[in-house]
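Asks: Below you will find the structure I want to go over with you.
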Amino acid sequence: MKRLILATELKNLWREKLVLTLFLTTSVLALVAFFNAHYFANKQRDVVLAAQQMQQQTIQNAKAGLPERLASTENHKWWEDPYDLRGQAFYLMQNYATKTPLATAPIATGQADVLPYYFKMLIKEKQHIVHQYDYVHPLSLLLGQFDLSFVVIYLLPLLIISICFNALASERQGGQLRLLMLQGGSATHLLTYQLLLRSALIVMPFLLISSLLLVIIRDQMGVTELLSYNLIVLCYSGFWIALTAWVNSRAKSAANNAATLVTCWLALVIVVPALVNTSIALLDPTPSRIHYIDSLRAASDDAQKASEKTLAQYFQDHPELAKNGSGASDYATKKIATINSVERAMEVQDARFLNAQQAQQQSAQKLQYLSPALIVQTLLVDLAGNGLTRHHAFMSEVEAHHQALQRFFANEIAKANQRGDFAPCDGCSTKPTLTNLADIPQFSSELATPVYSYAPLIWLLLLAVGLLLIAKRRVNKLDSANNKEVLVV
Amino acid sequence: MTTPIIQINNLQKRFGEYQALQGLSLAVHQGEILALLGPNGAGKTTTINCLLGFLQPDAGEITIAGVNPQLDVVTARQHLAYIPEQVALYPRLTGLENLAYFSKVASIDKTDDEFRTLLAEVKLPSHAVDKPVATYSKGMRQKVGIAIALAKQAKALILDEPTSGLDPSASHEFSQLIQSLAKQGVAILMATHDLYRAQEDAHRVAIINQGQLVDTLLFEQLKEVQLESVYLKHIKVGA
């Protein structure tokens with residue numbers, strides 16, 4: 001019976017030219033979405049590689065030029081001197097903190113197009129580095145990136161609806177269902193196999209093509225990641241198939257089914273996520289960035305106005321860096337002291353942003369259960385390594401690297417000061433204080449493979465199973481005797 | 001008299017305030033064609049839907065080859081074939097494919113050649129057998145419907161307005177086919193407005209009005225009376 005219904009259904013669809021049209025549609029969607037996001041991820045990867053190469057090249061160049069520099073008797077301006085700690089610390093350093101896109105990146109671009117994925121590090125207030133990125137360009141607000149997740153979340157349900165809305169309803173309206181049931185056929189079987197075949201025609205080519213592209217074109221694509229991607233897409237499609245089964249089981253007209261399903265799509269994919277976003281923003285509003293910048297300026301002004309006091313405070317905090325006998329008041333030490341002071345003054349503001357972000361993320365974690373689209377968006381973006389969890393981990397690493405750089409230069413500048421390397425004697429050539437740029441701490445990322453929770457996916461499956469059970473009960477009624485719903489529309 | 005294949009006893013069915021069937025009793029025997037006449041709303045289609053197991057009567061009893069469809073709809077339907085006014089086939093499948101599909105759903109395992117023979121038996125033009133049903137005339141679709149019934153070897157055939165909209169030639173062909181089925185022993189209940197066809201084909205005519213049987217005419221009587229005048233007399237009385 002299964003094979004018979006499937007074969008007849010396939011024949012019907014084929015003669016309607018639907019199979020070919022759908023195969024082409026899903027194939028084109030998979031190809032375009034993959035390559036769109038793949039090129040975007042590759043562009044980011046190229047930038048990261050270029051930054052890393054530039055960093056290594058600068059170190060090599062400095063190493064090669066060191067003998068000449070040591071032999072030089074010219075008086076070098078420290079802010080132009082690559083062998084001067086101060087020049088490197090405040091102006092010349094080629095030191096990058098980078099977040100390399102994962103092999104799974106084309107699955108979901110997420111916020112990777114607006115969040116920074118590399119930082120050029122210098123010794124300055126971290127606020128000038130890590131808090132300068134929350135802009136969103138207007139086009140990205142329209143639809144976001146056209147990647148695999150966009151196709152999965154927005155288009156797959158629409159395609160499933162477009163091919164499944166009249167399953168069973170068409171036979172009921174056309175009268176074939178009555179004849180089928182009189183021949184001993186079952187509405188439950190018919191609906192089940194119709195939905196399975198029709199949705200498979202949409203989902204399977206898409207999954208197959210996108211998975212193949214991920215394996216073939218993306219290096220280091222892991223089996224676990226690939227299976228996770230397939231599992232997420234299948235669960236999400238399963239939810240929409242179950243919803244379609246539920247709607248079609250009501251024994252309404254095909255037009256009624258289509259209207260109901262499109263309304264469900266609008267509600268679950270557009271309206272609920274929009275309301276959730278609004279709720280999150282209202283519940284835990286992000287502090288004003290303008291106020292933050294004003295505070296940063298004020299803190300910088302205050303620190304500079306009270307530079308002597310700032311320096312004194314700095315040496316009080318770091319007595320090991322003080323020059324024996326006299327308070328070191330050179331530019332570099334003062335600048336580092338000022339930076340420290342500003343960072344300390346901004347701690348409260350930074351905490352406010354961090355707390356708001358964490359609160360928003362917690363709310364999002366809870367509210368995602370309201371919409372399958374939100375669940376799948378979160379899962380796919382996390383799987384792609386472009387989610388907030390990985391980004392926060394990256395930002396923590398950036399801050400840690402910034403601190404490591406600051407410590408390194410503060411120590412080295414203090415030591416050079418104590419040795420008197422910056423001012424050996426009147427008329428003497430300044431000494432190189434940084435002969436090996438490789439000594440500068442380099443950014444190393446230990447971002448683990450993103451860990452994602454499958455709990456939301458289980459919720460999605462539970463929803464699908466619930467809908468299927470209701471649908472099964474309703475269609476079983478059609479199969480039983482004395483059900484006039486088979487007769488007329 | 002043989003045991004009736006289709007037996008209806010004191011059937012009653014109400015839709016809200018409207019009493020569609022009021023104690024209708026009928027029987028159709030093996031090899032018999034019973035024409036069920038009545039004006040629109042007389043209860044013909046309601047009776048058929050009760051027989052097919054799609055409507056539950058409020059009272060009364062039905063049996064199809066001894067099986068009550070209210071109690072065992074699956075078995076009752078195995079004995080039944082049904083041809084509505086518009087035979088509902090899949091328009092994109094050919095006549096042969098439709099016949100094969102609906103027969104196989106009923107677990108009838110035949111080869112394509114056997115199905116072709118069946119279609120030839122019902123006089124479906126050979127050039128049409130492999131064409132989509134969407135291109136068929138109503139008469140050709142009726143023939144595929146009869147082929148489905150033939151393949152099923154049903155004991156009872158229920159027809160609902162089968163000749164409505166058929167041209168005289170197609171109607172004649174159809175008449176020959178159901179007579180042939182009756183000769184094979186199939187009990188045929190034919191609800192119709194076509195008085196000529198009823199008089200020509202039926203062994204008995206049952207006239208119902210307002211859900212009640214108002215007259216039954218036997219084959220011998222049918223040859224002697226003007227069916228139209230009898231019919232109109234009963235309908236006017238009922239009105």
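Each chain of the structure tokens is named A, B, ... in the order shown, its residues numbered from 1; ligands are numbered from 1 in display order.
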Do you know which residues are at most 10 Å from stretch 75-82 of chain B counting only C-alpha atoms, after dropping those on the same chain fewer than 4 positions away, and could you put them as a PyMOL selection string?

Replies: (chain A and resi 178-179+181-184) or (chain B and resi 5-6+48+51-53+63-71+87+106+145-146+148-160+186-190)

Asks: Tell me, which residues of stretch 87-145 of chain B carry DSSP helix (DSSP H, G or I), written as a JSON list (two decimals) with N, CA and C atoms, in the first residue's frame?

Replies:
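The resulting states_9.json:
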[["chain", "number", "residue", "atom", "x", "y", "z"],
["B", 95, "GLY", "N", -6.39, 6.29, -17.83],
["B", 95, "GLY", "CA", -7.48, 5.40, -17.42],
["B", 95, "GLY", "C", -6.93, 4.10, -16.86],
["B", 96, "LEU", "N", -5.92, 3.57, -17.54],
["B", 96, "LEU", "CA", -5.31, 2.32, -17.09],
["B", 96, "LEU", "C", -4.68, 2.49, -15.70],
["B", 97, "GLU", "N", -3.97, 3.60, -15.53],
["B", 97, "GLU", "CA", -3.31, 3.83, -14.23],
["B", 97, "GLU", "C", -4.32, 4.01, -13.11],
["B", 98, "ASN", "N", -5.42, 4.73, -13.41],
["B", 98, "ASN", "CA", -6.45, 4.90, -12.40],
["B", 98, "ASN", "C", -7.05, 3.55, -12.02],
["B", 99, "LEU", "N", -7.36, 2.75, -13.03],
["B", 99, "LEU", "CA", -7.94, 1.43, -12.76],
["B", 99, "LEU", "C", -6.97, 0.60, -11.92],
["B", 100, "ALA", "N", -5.70, 0.61, -12.32],
["B", 100, "ALA", "CA", -4.70, -0.20, -11.60],
["B", 100, "ALA", "C", -4.56, 0.29, -10.16],
["B", 101, "TYR", "N", -4.52, 1.62, -10.00],
["B", 101, "TYR", "CA", -4.33, 2.18, -8.65],
["B", 101, "TYR", "C", -5.49, 1.82, -7.73],
["B", 102, "PHE", "N", -6.71, 2.13, -8.16],
["B", 102, "PHE", "CA", -7.85, 1.89, -7.27],
["B", 102, "PHE", "C", -8.08, 0.39, -7.05],
["B", 103, "SER", "N", -7.71, -0.41, -8.03],
["B", 103, "SER", "CA", -7.86, -1.86, -7.85],
["B", 103, "SER", "C", -6.82, -2.37, -6.87],
["B", 104, "LYS", "N", -5.60, -1.89, -7.01],
["B", 104, "LYS", "CA", -4.54, -2.37, -6.12],
["B", 104, "LYS", "C", -4.77, -1.91, -4.69],
["B", 105, "VAL", "N", -5.39, -0.72, -4.54],
["B", 105, "VAL", "CA", -5.75, -0.28, -3.18],
["B", 105, "VAL", "C", -6.70, -1.31, -2.55],
["B", 112, "ASP", "N", -1.14, -5.56, -16.05],
["B", 112, "ASP", "CA", -1.59, -4.46, -16.91],
["B", 112, "ASP", "C", -2.47, -4.98, -18.04],
["B", 113, "ASP", "N", -2.09, -6.13, -18.57],
["B", 113, "ASP", "CA", -2.88, -6.71, -19.67],
["B", 113, "ASP", "C", -4.29, -7.03, -19.20],
["B", 114, "GLU", "N", -4.38, -7.56, -17.98],
["B", 114, "GLU", "CA", -5.70, -7.89, -17.45],
["B", 114, "GLU", "C", -6.53, -6.62, -17.25],
["B", 115, "PHE", "N", -5.87, -5.57, -16.80],
["B", 115, "PHE", "CA", -6.59, -4.29, -16.64],
["B", 115, "PHE", "C", -7.02, -3.75, -18.01],
["B", 116, "ARG", "N", -6.16, -3.92, -19.00],
["B", 116, "ARG", "CA", -6.52, -3.47, -20.36],
["B", 116, "ARG", "C", -7.74, -4.24, -20.86],
["B", 117, "THR", "N", -7.76, -5.53, -20.55],
["B", 117, "THR", "CA", -8.90, -6.35, -20.98],
["B", 117, "THR", "C", -10.18, -5.83, -20.33],
["B", 118, "LEU", "N", -10.08, -5.51, -19.07],
["B", 118, "LEU", "CA", -11.25, -4.97, -18.36],
["B", 118, "LEU", "C", -11.74, -3.69, -19.02],
["B", 119, "LEU", "N", -10.80, -2.82, -19.37],
["B", 119, "LEU", "CA", -11.17, -1.55, -20.00],
["B", 119, "LEU", "C", -11.79, -1.80, -21.39],
["B", 120, "ALA", "N", -11.30, -2.82, -22.03],
["B", 120, "ALA", "CA", -11.89, -3.18, -23.33],
["B", 120, "ALA", "C", -13.31, -3.70, -23.13],
["B", 121, "GLU", "N", -13.48, -4.47, -22.05],
["B", 121, "GLU", "CA", -14.81, -5.01, -21.74],
["B", 121, "GLU", "C", -15.83, -3.90, -21.54],
["B", 126, "SER", "N", -9.67, 2.10, -27.24],
["B", 126, "SER", "CA", -8.27, 1.69, -26.97],
["B", 126, "SER", "C", -7.31, 2.87, -27.02],
["B", 127, "HIS", "N", -7.63, 3.85, -27.87],
["B", 127, "HIS", "CA", -6.71, 5.01, -27.97],
["B", 127, "HIS", "C", -6.73, 5.86, -26.70],
["B", 128, "ALA", "N", -7.77, 5.66, -25.87],
["B", 128, "ALA", "CA", -7.89, 6.50, -24.67],
["B", 128, "ALA", "C", -7.23, 5.86, -23.45],
["B", 133, "VAL", "N", -6.81, 10.99, -17.79],
["B", 133, "VAL", "CA", -8.26, 11.04, -17.61],
["B", 133, "VAL", "C", -8.80, 12.46, -17.81],
["B", 134, "ALA", "N", -7.92, 13.44, -17.62],
["B", 134, "ALA", "CA", -8.34, 14.84, -17.82],
["B", 134, "ALA", "C", -8.89, 15.05, -19.23],
["B", 135, "THR", "N", -8.45, 14.20, -20.16],
["B", 135, "THR", "CA", -8.90, 14.37, -21.55],
["B", 135, "THR", "C", -10.17, 13.55, -21.84],
["B", 138, "LYS", "N", -17.27, 12.50, -19.98],
["B", 138, "LYS", "CA", -17.90, 11.97, -18.78],
["B", 138, "LYS", "C", -18.21, 10.47, -18.95],
["B", 139, "GLY", "N", -18.65, 10.11, -20.14],
["B", 139, "GLY", "CA", -18.98, 8.71, -20.41],
["B", 139, "GLY", "C", -17.76, 7.82, -20.28],
["B", 140, "MET", "N", -16.63, 8.31, -20.74],
["B", 140, "MET", "CA", -15.40, 7.50, -20.64],
["B", 140, "MET", "C", -14.98, 7.33, -19.18],
["B", 141, "ARG", "N", -15.17, 8.37, -18.39],
["B", 141, "ARG", "CA", -14.84, 8.26, -16.96],
["B", 141, "ARG", "C", -15.77, 7.25, -16.28],
["B", 142, "GLN", "N", -17.05, 7.28, -16.71],
["B", 142, "GLN", "CA", -18.00, 6.31, -16.14],
["B", 142, "GLN", "C", -17.54, 4.89, -16.46],
["B", 143, "LYS", "N", -17.01, 4.70, -17.65],
["B", 143, "LYS", "CA", -16.57, 3.36, -18.04],
["B", 143, "LYS", "C", -15.39, 2.90, -17.17],
["B", 144, "VAL", "N", -14.49, 3.83, -16.90],
["B", 144, "VAL", "CA", -13.37, 3.46, -16.01],
["B", 144, "VAL", "C", -13.92, 3.10, -14.63],
["B", 145, "GLY", "N", -14.94, 3.88, -14.18],
["B", 145, "GLY", "CA", -15.59, 3.59, -12.89],
["B", 145, "GLY", "C", -16.17, 2.18, -12.88]]

Asks: Can you tell me which residues surround A:Lys252 at a distance of at most 10 Å, considering only C-alpha atoms, apart from same-chain residues fewer than 2 positions away, and format the answer as an mmCIF file with N, CA and C atoms, in the first residue's frame?

Replies:
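Produced file around-v3.cif, reproduced below:
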data_model
loop_
_atom_site.group_PDB
_atom_site.id
_atom_site.type_symbol
_atom_site.label_atom_id
_atom_site.label_comp_id
_atom_site.auth_asym_id
_atom_site.auth_seq_id
_atom_site.Cartn_x
_atom_site.Cartn_y
_atom_site.Cartn_z
ATOM 1 N N ASN A 166 -2.559 21.050 0.105
ATOM 2 C CA ASN A 166 -3.760 20.383 -0.419
ATOM 3 C C ASN A 166 -3.692 18.865 -0.313
ATOM 4 N N LEU A 168 -4.536 15.465 0.899
ATOM 5 C CA LEU A 168 -5.820 14.922 1.355
ATOM 6 C C LEU A 168 -7.001 15.814 0.959
ATOM 7 N N ALA A 169 -6.839 17.143 1.154
ATOM 8 C CA ALA A 169 -7.945 18.056 0.827
ATOM 9 C C ALA A 169 -8.285 17.964 -0.659
ATOM 10 N N ARG A 172 -10.219 14.926 -1.176
ATOM 11 C CA ARG A 172 -11.530 15.039 -0.543
ATOM 12 C C ARG A 172 -12.457 15.881 -1.419
ATOM 13 N N GLN A 173 -11.909 17.007 -1.907
ATOM 14 C CA GLN A 173 -12.709 17.894 -2.744
ATOM 15 C C GLN A 173 -13.007 17.262 -4.098
ATOM 16 N N VAL A 247 -3.071 20.750 10.276
ATOM 17 C CA VAL A 247 -3.986 21.640 9.551
ATOM 18 C C VAL A 247 -4.797 20.834 8.529
ATOM 19 N N ASN A 248 -4.130 19.946 7.794
ATOM 20 C CA ASN A 248 -4.838 19.170 6.770
ATOM 21 C C ASN A 248 -5.803 18.160 7.372
ATOM 22 N N SER A 249 -5.538 17.747 8.605
ATOM 23 C CA SER A 249 -6.405 16.738 9.223
ATOM 24 C C SER A 249 -7.758 17.327 9.627
ATOM 25 N N ARG A 250 -7.890 18.648 9.569
ATOM 26 C CA ARG A 250 -9.157 19.251 10.003
ATOM 27 C C ARG A 250 -10.268 19.062 8.967
ATOM 28 N N ALA A 254 -8.789 23.066 0.633
ATOM 29 C CA ALA A 254 -7.374 23.325 0.399
ATOM 30 C C ALA A 254 -7.065 24.808 0.599
ATOM 31 N N ALA A 255 -7.981 25.671 0.185
ATOM 32 C CA ALA A 255 -7.776 27.116 0.347
ATOM 33 C C ALA A 255 -7.716 27.480 1.828
ATOM 34 N N ASN A 256 -8.587 26.877 2.605
ATOM 35 C CA ASN A 256 -8.593 27.120 4.049
ATOM 36 C C ASN A 256 -7.268 26.647 4.650
ATOM 37 N N ASN A 257 -6.807 25.476 4.229
ATOM 38 C CA ASN A 257 -5.520 24.958 4.732
ATOM 39 C C ASN A 257 -4.386 25.924 4.409
ATOM 40 N N GLU A 485 -17.527 13.949 6.989
ATOM 41 C CA GLU A 485 -16.512 14.907 6.537
ATOM 42 C C GLU A 485 -15.842 14.451 5.244
ATOM 43 N N VAL A 488 -18.412 15.942 1.735
ATOM 44 C CA VAL A 488 -18.559 17.247 1.089
ATOM 45 C C VAL A 488 -17.637 18.270 1.701
ATOM 46 N N VAL A 489 -17.414 19.289 0.966
ATOM 47 C CA VAL A 489 -16.627 20.401 1.469
ATOM 48 C C VAL A 489 -17.576 21.554 1.727
#

Asks: Please determine the contact residues of chain A with respect to chain B at a cut-off of 12 Å, counting only C-alpha atoms, and supply them as number ranges by chain.

Replies: A: 1-17, 170-187, 189-190, 477-488

Asks: The selected residues should be written to file as a compact mmCIF listing (two decimals), in the first residue's frame (atoms: N, CA and C atoms).

Replies:
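Ended up saving to again_27.txt:
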# COMPACT_ATOMS: atom_id res chain seq x y z
N MET A 1 0.84 -1.22 0.00
CA MET A 1 0.00 0.00 0.00
C MET A 1 0.87 1.26 0.00
N LYS A 2 1.92 1.23 0.87
CA LYS A 2 2.79 2.39 0.98
C LYS A 2 3.42 2.70 -0.38
N ARG A 3 3.98 1.64 -1.00
CA ARG A 3 4.69 1.83 -2.27
C ARG A 3 3.70 2.30 -3.35
N LEU A 4 2.51 1.73 -3.31
CA LEU A 4 1.49 2.07 -4.31
C LEU A 4 1.10 3.54 -4.21
N ILE A 5 0.82 3.97 -2.97
CA ILE A 5 0.40 5.38 -2.79
C ILE A 5 1.55 6.32 -3.16
N LEU A 6 2.77 5.96 -2.71
CA LEU A 6 3.92 6.82 -3.00
C LEU A 6 4.16 6.92 -4.50
N ALA A 7 4.08 5.76 -5.19
CA ALA A 7 4.34 5.76 -6.63
C ALA A 7 3.29 6.58 -7.37
N THR A 8 2.03 6.44 -6.96
CA THR A 8 0.96 7.18 -7.62
C THR A 8 1.10 8.68 -7.35
N GLU A 9 1.45 8.98 -6.11
CA GLU A 9 1.62 10.39 -5.73
C GLU A 9 2.77 11.02 -6.53
N LEU A 10 3.86 10.26 -6.64
CA LEU A 10 5.02 10.76 -7.38
C LEU A 10 4.66 10.98 -8.85
N LYS A 11 3.90 10.03 -9.40
CA LYS A 11 3.48 10.14 -10.79
C LYS A 11 2.61 11.39 -10.98
N ASN A 12 1.69 11.58 -10.05
CA ASN A 12 0.82 12.77 -10.11
C ASN A 12 1.63 14.05 -10.07
N LEU A 13 2.58 14.11 -9.13
CA LEU A 13 3.38 15.33 -8.97
C LEU A 13 4.27 15.55 -10.18
N TRP A 14 4.82 14.44 -10.68
CA TRP A 14 5.73 14.54 -11.82
C TRP A 14 5.00 15.11 -13.03
N ARG A 15 3.78 14.62 -13.22
CA ARG A 15 3.03 15.09 -14.40
C ARG A 15 2.55 16.52 -14.21
N GLU A 16 2.55 16.98 -12.97
CA GLU A 16 2.21 18.37 -12.73
C GLU A 16 3.45 19.25 -12.88
N LYS A 17 4.55 18.62 -13.26
CA LYS A 17 5.86 19.29 -13.40
C LYS A 17 6.36 19.82 -12.05
N SER A 170 -7.27 17.84 -1.49
CA SER A 170 -7.50 17.75 -2.92
C SER A 170 -8.32 16.50 -3.26
N GLU A 171 -7.95 15.38 -2.64
CA GLU A 171 -8.69 14.13 -2.87
C GLU A 171 -10.11 14.22 -2.31
N ARG A 172 -10.22 14.93 -1.18
CA ARG A 172 -11.53 15.04 -0.54
C ARG A 172 -12.46 15.88 -1.42
N GLN A 173 -11.91 17.01 -1.91
CA GLN A 173 -12.71 17.89 -2.74
C GLN A 173 -13.01 17.26 -4.10
N GLY A 174 -12.03 16.51 -4.64
CA GLY A 174 -12.21 15.91 -5.96
C GLY A 174 -13.02 14.64 -5.94
N GLY A 175 -13.23 14.07 -4.76
CA GLY A 175 -14.04 12.85 -4.64
C GLY A 175 -13.22 11.57 -4.67
N GLN A 176 -11.90 11.69 -4.96
CA GLN A 176 -11.08 10.47 -5.02
C GLN A 176 -10.99 9.80 -3.65
N LEU A 177 -11.08 10.61 -2.58
CA LEU A 177 -10.95 10.03 -1.24
C LEU A 177 -12.09 9.05 -0.98
N ARG A 178 -13.29 9.43 -1.41
CA ARG A 178 -14.44 8.56 -1.19
C ARG A 178 -14.24 7.23 -1.92
N LEU A 179 -13.81 7.34 -3.18
CA LEU A 179 -13.59 6.13 -3.96
C LEU A 179 -12.47 5.29 -3.34
N LEU A 180 -11.43 5.99 -2.91
CA LEU A 180 -10.29 5.31 -2.30
C LEU A 180 -10.71 4.54 -1.04
N MET A 181 -11.54 5.19 -0.22
CA MET A 181 -11.97 4.55 1.02
C MET A 181 -12.91 3.39 0.74
N LEU A 182 -13.73 3.54 -0.30
CA LEU A 182 -14.61 2.43 -0.66
C LEU A 182 -13.82 1.23 -1.19
N GLN A 183 -12.63 1.52 -1.70
CA GLN A 183 -11.78 0.43 -2.19
C GLN A 183 -10.94 -0.16 -1.06
N GLY A 184 -11.14 0.36 0.14
CA GLY A 184 -10.40 -0.18 1.28
C GLY A 184 -9.18 0.65 1.64
N GLY A 185 -9.00 1.77 0.94
CA GLY A 185 -7.86 2.64 1.26
C GLY A 185 -8.11 3.42 2.54
N SER A 186 -7.05 4.09 3.02
CA SER A 186 -7.17 4.79 4.30
C SER A 186 -6.70 6.23 4.14
N ALA A 187 -7.49 7.13 4.70
CA ALA A 187 -7.12 8.56 4.64
C ALA A 187 -5.83 8.79 5.41
N HIS A 189 -3.27 6.73 5.76
CA HIS A 189 -2.14 6.34 4.91
C HIS A 189 -1.89 7.36 3.82
N LEU A 190 -2.99 7.77 3.18
CA LEU A 190 -2.87 8.72 2.07
C LEU A 190 -2.18 10.00 2.53
N LYS A 477 -10.46 9.41 12.51
CA LYS A 477 -11.91 9.60 12.52
C LYS A 477 -12.46 9.54 11.10
N LEU A 478 -11.70 10.15 10.16
CA LEU A 478 -12.14 10.11 8.76
C LEU A 478 -12.23 8.67 8.27
N ASP A 479 -11.29 7.86 8.75
CA ASP A 479 -11.25 6.47 8.31
C ASP A 479 -12.39 5.64 8.91
N SER A 480 -12.91 6.09 10.04
CA SER A 480 -13.94 5.28 10.69
C SER A 480 -15.26 5.42 9.93
N ALA A 481 -16.19 4.57 10.25
CA ALA A 481 -17.50 4.61 9.58
C ALA A 481 -18.23 5.88 9.98
N ASN A 482 -19.19 6.26 9.15
CA ASN A 482 -20.11 7.34 9.48
C ASN A 482 -19.42 8.68 9.64
N ASN A 483 -18.44 8.94 8.84
CA ASN A 483 -17.84 10.26 8.92
C ASN A 483 -18.20 11.06 7.68
N LYS A 484 -19.13 11.96 7.88
CA LYS A 484 -19.63 12.71 6.72
C LYS A 484 -18.62 13.73 6.22
N GLU A 485 -17.53 13.95 6.99
CA GLU A 485 -16.51 14.91 6.54
C GLU A 485 -15.84 14.45 5.24
N VAL A 486 -15.94 13.14 4.96
CA VAL A 486 -15.37 12.62 3.72
C VAL A 486 -16.18 13.10 2.53
N LEU A 487 -17.48 13.37 2.78
CA LEU A 487 -18.40 13.55 1.68
C LEU A 487 -18.30 14.89 0.98
N VAL A 488 -18.41 15.94 1.74
CA VAL A 488 -18.56 17.25 1.09
C VAL A 488 -17.64 18.27 1.70

Asks: Find the distance between atom CA of A:Met121 and atom CA of A:Ala62 and write it in Å to one decimal.

Replies: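 Computing the Euclidean distance for atom CA of A:Met121 and atom CA of A:Ala62 yields 18.0 Å.
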
Asks: From the options A:Ala89, A:Trp246, A:Pro106, A:Lys366, which residue's atoms come nearest to A:Pro441, counting only C-alpha atoms?

Replies: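 When distances to A:Pro441 are compared using only C-alpha atoms, the smallest one comes from A:Ala89.
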
Asks: To one decimal place, how far is atom CA of A:Leu467 from atom CA of A:Gln362 in Å?

Replies: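 If I compute the distance from atom CA of A:Leu467 to atom CA of A:Gln362, I get 28.1 Å.
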
Asks: Which neighbours of stretch 42-49 of chain A fall inside 8 Å, counting only C-alpha atoms, when residues of the same chain fewer than 6 positions from it are skipped, and could you give them as a list in words?

Replies: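 Near neighbours after the sequence-gap exclusion: Thr98, Lys99, Thr100, Pro101, Tyr117 and Tyr118 of chain A.
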
Asks: Would you mind exporting N, CA and C atoms of the selected residues as a PDB file, in the first residue's frame?

Replies:
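The new file result-v7.pdb reads:
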ATOM      1  N   THR A  98      42.265  37.691  16.531  1.00  0.00           N
ATOM      2  CA  THR A  98      41.397  37.284  15.408  1.00  0.00           C
ATOM      3  C   THR A  98      40.461  36.138  15.776  1.00  0.00           C
ATOM      4  N   LYS A  99      39.311  36.145  15.106  1.00  0.00           N
ATOM      5  CA  LYS A  99      38.362  35.034  15.262  1.00  0.00           C
ATOM      6  C   LYS A  99      38.183  34.422  13.875  1.00  0.00           C
ATOM      7  N   THR A 100      38.738  33.229  13.681  1.00  0.00           N
ATOM      8  CA  THR A 100      38.680  32.587  12.359  1.00  0.00           C
ATOM      9  C   THR A 100      37.317  31.939  12.151  1.00  0.00           C
ATOM     10  N   PRO A 101      36.679  32.170  10.999  1.00  0.00           N
ATOM     11  CA  PRO A 101      35.395  31.504  10.734  1.00  0.00           C
ATOM     12  C   PRO A 101      35.561  29.988  10.719  1.00  0.00           C
ATOM     13  N   TYR A 117      35.505  40.562  13.947  1.00  0.00           N
ATOM     14  CA  TYR A 117      36.158  39.250  14.023  1.00  0.00           C
ATOM     15  C   TYR A 117      37.675  39.404  14.109  1.00  0.00           C
ATOM     16  N   TYR A 118      38.156  40.640  14.113  1.00  0.00           N
ATOM     17  CA  TYR A 118      39.579  40.856  14.399  1.00  0.00           C
ATOM     18  C   TYR A 118      39.758  42.247  15.001  1.00  0.00           C
TER      19      TYR A 118
END

Asks: Kindly indicate which residue among B:Lys44, B:Glu32, B:Ser171, B:Gly165 lies nearest to B:Arg204, using only C-alpha atoms for the distances.

Replies: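 When distances to B:Arg204 are compared using only C-alpha atoms, the smallest one comes from B:Glu32.
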
Asks: List the neighbours of stretch 367-380 of chain A out to 6 Å using only C-alpha atoms; skip same-chain residues closer than 5 positions along the sequence, and give me the result as a PyMOL selection string.

Replies: chain A and resi 108+153+268-269

Asks: Pick out the residues sitting within 9 Å of B:Glu200, and hand them over as a list of chain:residue names; count only C-alpha atoms, and ignore anything fewer than 2 positions along from it in its own chain.

Replies: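 My reading of the contact set: B:Ser175, B:Leu195, B:Tyr196, B:Arg197, B:Ala198, B:Ala202, B:His203, B:Leu222, B:Lys223.
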
Asks: Env of A:Trp240: 10 Å cut, atoms = only C-alpha atoms, seq-sep filter 3 positions within chain, self excluded. Answer as a ChimeraX atom specification.

Replies: /A:156-158,160-161,199,234-237,243-246,261,264-265,372,464,467
